[in-house]
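Colleague: Here it is: the structure, laid out below.
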Amino acid sequence: MTKNKYKAFSNRLIETMKAKGHIALRSPNGICIQKLAQFSLASEQICRRYIRGDALPDYEKIKRIASHLEVSPGWLLFGEENTNIANSTSKQVDEDVLHYILKRSHHLYREETGNTDDYADFVLELIQNIREIDTSKDNLQKIINLAIHSISSYQEKRHKQAL
Amino acid sequence: MDVKPSIFKLHPSAQEMLFSHYRLLRRVFNDVLGLFEIDYLAITIINSKSEILFFSSQPSIEYNLIEKDLWQLDPSYHGVFLNQEKPQTWEMLYPQNKKNQLRYYKQEAHNYSTGLTIPSRFEEKRVVYSFALTSLEESIQKHFHQNALRLTQIGQFCLQNIMGHIPMWDIEHCRKRESSYLKLVINNEVNHVEAN
């Protein structure tokens with residue numbers, strides 16, 4: 001649910017896919033997601049997230065994608081744009097809030113799906129939601145606690161269902 | 001659209017439930033965000049007590065609507081809209097107006113360019129599916145608006161997933177029914193016990 005965090009990467013991926021002819025006229029972005037899934041060995045669902053700039057492939061997938069598209073993995077990931085973090089327009093994160101969330105949640109969040117970005121996305125999306133909520137600090141604390149607790153209750157239910 | 005308060009009440013745990021299932025909802029909604037370029041999906045359920053609760057891919061929106069009492073003014077939750085059973089664009093539901101706080105919290109604060117709200121039913125309950133995009137591309141917006149049926153199916157898919165994990169007594173806001181047991185007694189011996 002992180003919005004277009006990796007937009008620059010997704011723009012390069014879309015441009016290159018189009019240049020190589022992997023086009024699907026019916027697709028909103030004009031890209032054939034199935035082709036991308038085929039040569040990256042990723043699911044179509046995660047490929048949609050790559051195209052939207054919501055996720056970044058891991059290094060193995062970047063190498064496969066870059067190799068198939070005949071571009072350098074480094075260019076695909078970073079392009080030639082200025083990656084100076086100081087120039088970033090992203091909002092500052094409240095360090096106390098970040099610290100609290102990381103401290104309370106890291107031991108609860110196991111790698112369930114194999115997507116190592118998932119925990120980082122969970123934390124960042126929670127912070128993004130917290131930042132947008134207009135309420136007291138006490139209420140924000142409660143919300144964070146609820147969201148963190150939902151990790152373990154979700155895992156418990158999944159464990160029970162698996163038995 | 002009328003702006004009288006909704007006839008429905010807020011579920012007592014509406015705000016809490018936005019985040020108490022955050023992990024689950026995140027997983028469910030992430031599976032579908034991106035289809036038709038949607039950036040936001042929220043599901044509103046009206047339970048048998050006419051109480052409203054929400055599940056959202058961006059729960060801060062609904063939290064703010066409740067916090068500011070704006071949810072009551074949202075035409076999506078009014079009888080007039082629900083009874084007509086047709087999708088409605090956000091341009092119609094939330095007209096552009098400097099004083100429109102509802103539009104601000106729901107749409108402008110998140111840069112959604114357009115949205116669609118669809119009243120429906122799920123297992124005899126009234127539900128409302130809301131979707132929104134950030135894309136400014138006309139072709140994408142057109143494609144989105146023309147696929148209300150497919151969007152409804154996406155909403156149903158998500159709701160089915162959600163209901164598979166959230167107990168009905170949470171939705172209905174009632175106490176969990178204590179299990180009772182049936183015993184089969186033959187010749188004064190208990191032969192079989194079964195949960196009711």
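The way I read the labels, and the way they are meant: chains A, B, ... in the order of the structure tokens, residue 1 as the first residue of every chain, and ligand 1 as the first ligand shown, with later ones counted on from there.
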Compile the residues of chain B that lie within 9 Å of chain A, evaluated using only C-alpha atoms, and express the compilation as number ranges by chain.
Modeller: B: 15-24, 26, 29-37, 39-40, 57-61, 63-64, 67-68, 109, 139-140, 143, 165
Colleague: Please return, as a PyMOL selection string, all residues of chain B that DSSP assigns to helix (DSSP H, G or I) on the basis of the backbone.
Modeller: chain B and resi 14-20+22-30+59-67+71-73+75-77+79-84+90-93+101-106+108-110+138-145+148-163+168-172
Colleague: Give me, as a PyMOL selection string, the residues of region 54-195 of chain B that a backbone DSSP run labels strand (DSSP E).
Modeller: chain B and resi 54-56+88-89+114-122+125-133+181-186+189-195
Colleague: What is the CA of Arg104 (chain A)-CA of Cys158 (chain B) distance in Å, reported with one decimal?
Modeller: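 Atom-to-atom, CA of Arg104 (chain A) to CA of Cys158 (chain B), that is 28.3 Å.
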Colleague: Find the residues near Leu116 (chain B): any atom within 8 Å, counting only C-alpha atoms, skip ones fewer than 5 places away on the same chain, and give them as a PyMOL selection string.
Modeller: chain B and resi 87-90+130-132+145+148
Colleague: What is the CA of Gln153 (chain B) to CA of Cys47 (chain A) distance in Å?
Modeller: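 A separation of 21.5 Å between them.
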Colleague: For region 64-79 of chain A, please output as a list in words all residues within 7 Å (counting only C-alpha atoms; exclusion window: fewer than 3 positions along the same chain).
Modeller: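 Here the answer would be Phe9, Arg12, Leu13, Thr16, Lys20, Phe39, Ser40, Glu60 and Lys61 of chain A.
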Colleague: Those selected residues, please, written with N, CA, C and O atoms and delivered as a compact mmCIF listing (two decimals), in the first residue's frame.
Modeller:
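Result file follows (selection39.txt):
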# COMPACT_ATOMS: atom_id res chain seq x y z
N PHE A 9 12.25 3.75 -10.63
CA PHE A 9 12.54 2.39 -11.10
C PHE A 9 11.42 1.91 -12.03
O PHE A 9 11.67 1.37 -13.11
N ARG A 12 11.58 3.42 -15.49
CA ARG A 12 12.64 2.83 -16.34
C ARG A 12 12.22 1.44 -16.82
O ARG A 12 12.45 1.08 -17.98
N LEU A 13 11.60 0.68 -15.92
CA LEU A 13 11.16 -0.67 -16.29
C LEU A 13 10.12 -0.61 -17.40
O LEU A 13 10.21 -1.34 -18.39
N THR A 16 11.68 0.48 -20.77
CA THR A 16 12.50 -0.57 -21.38
C THR A 16 11.63 -1.71 -21.89
O THR A 16 11.90 -2.26 -22.97
N LYS A 20 11.41 -2.95 -25.81
CA LYS A 20 11.69 -4.33 -26.23
C LYS A 20 10.45 -5.02 -26.80
O LYS A 20 10.50 -6.21 -27.10
N PHE A 39 9.82 -13.82 -17.29
CA PHE A 39 11.28 -13.77 -17.30
C PHE A 39 11.88 -13.34 -15.97
O PHE A 39 13.07 -13.51 -15.73
N SER A 40 11.06 -12.77 -15.08
CA SER A 40 11.62 -12.42 -13.78
C SER A 40 11.45 -13.56 -12.77
O SER A 40 12.05 -13.55 -11.70
N GLU A 60 18.39 -10.84 -7.17
CA GLU A 60 18.34 -11.93 -8.16
C GLU A 60 17.35 -11.62 -9.27
O GLU A 60 17.63 -11.85 -10.45
N LYS A 61 16.22 -11.09 -8.90
CA LYS A 61 15.18 -10.79 -9.91
C LYS A 61 15.64 -9.61 -10.78
O LYS A 61 15.40 -9.59 -11.99
Colleague: May I ask for the distance between CA of Asn147 (chain B) and CA of Ile38 (chain B), given in Å to one decimal place?
Modeller: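 Here the two named atoms are 11.7 Å from each other.
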Colleague: Tell me, as a VMD selection string, which residues lie within 8 Å of Leu53 (chain B), counting only C-alpha atoms; anything in the same chain fewer than 5 positions away does not count.
Modeller: chain B and resid 10 to 11 13 to 14 17 44 to 46 171
Colleague: Can I get the selected residues back with C-alpha atoms, as a compact mmCIF listing (two decimals), in the first residue's frame?
Modeller:
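What follows is the written file again.txt:
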# COMPACT_ATOMS: atom_id res chain seq x y z
CA LEU B 10 -21.37 3.58 14.20
CA HIS B 11 -20.26 0.14 15.34
CA SER B 13 -15.50 -0.83 17.77
CA ALA B 14 -15.43 0.81 14.32
CA MET B 17 -11.28 -2.51 14.02
CA THR B 44 -18.20 -0.75 4.60
CA ILE B 45 -20.46 -3.32 6.22
CA ILE B 46 -23.81 -2.59 7.80
CA ILE B 171 -19.06 -7.82 13.07
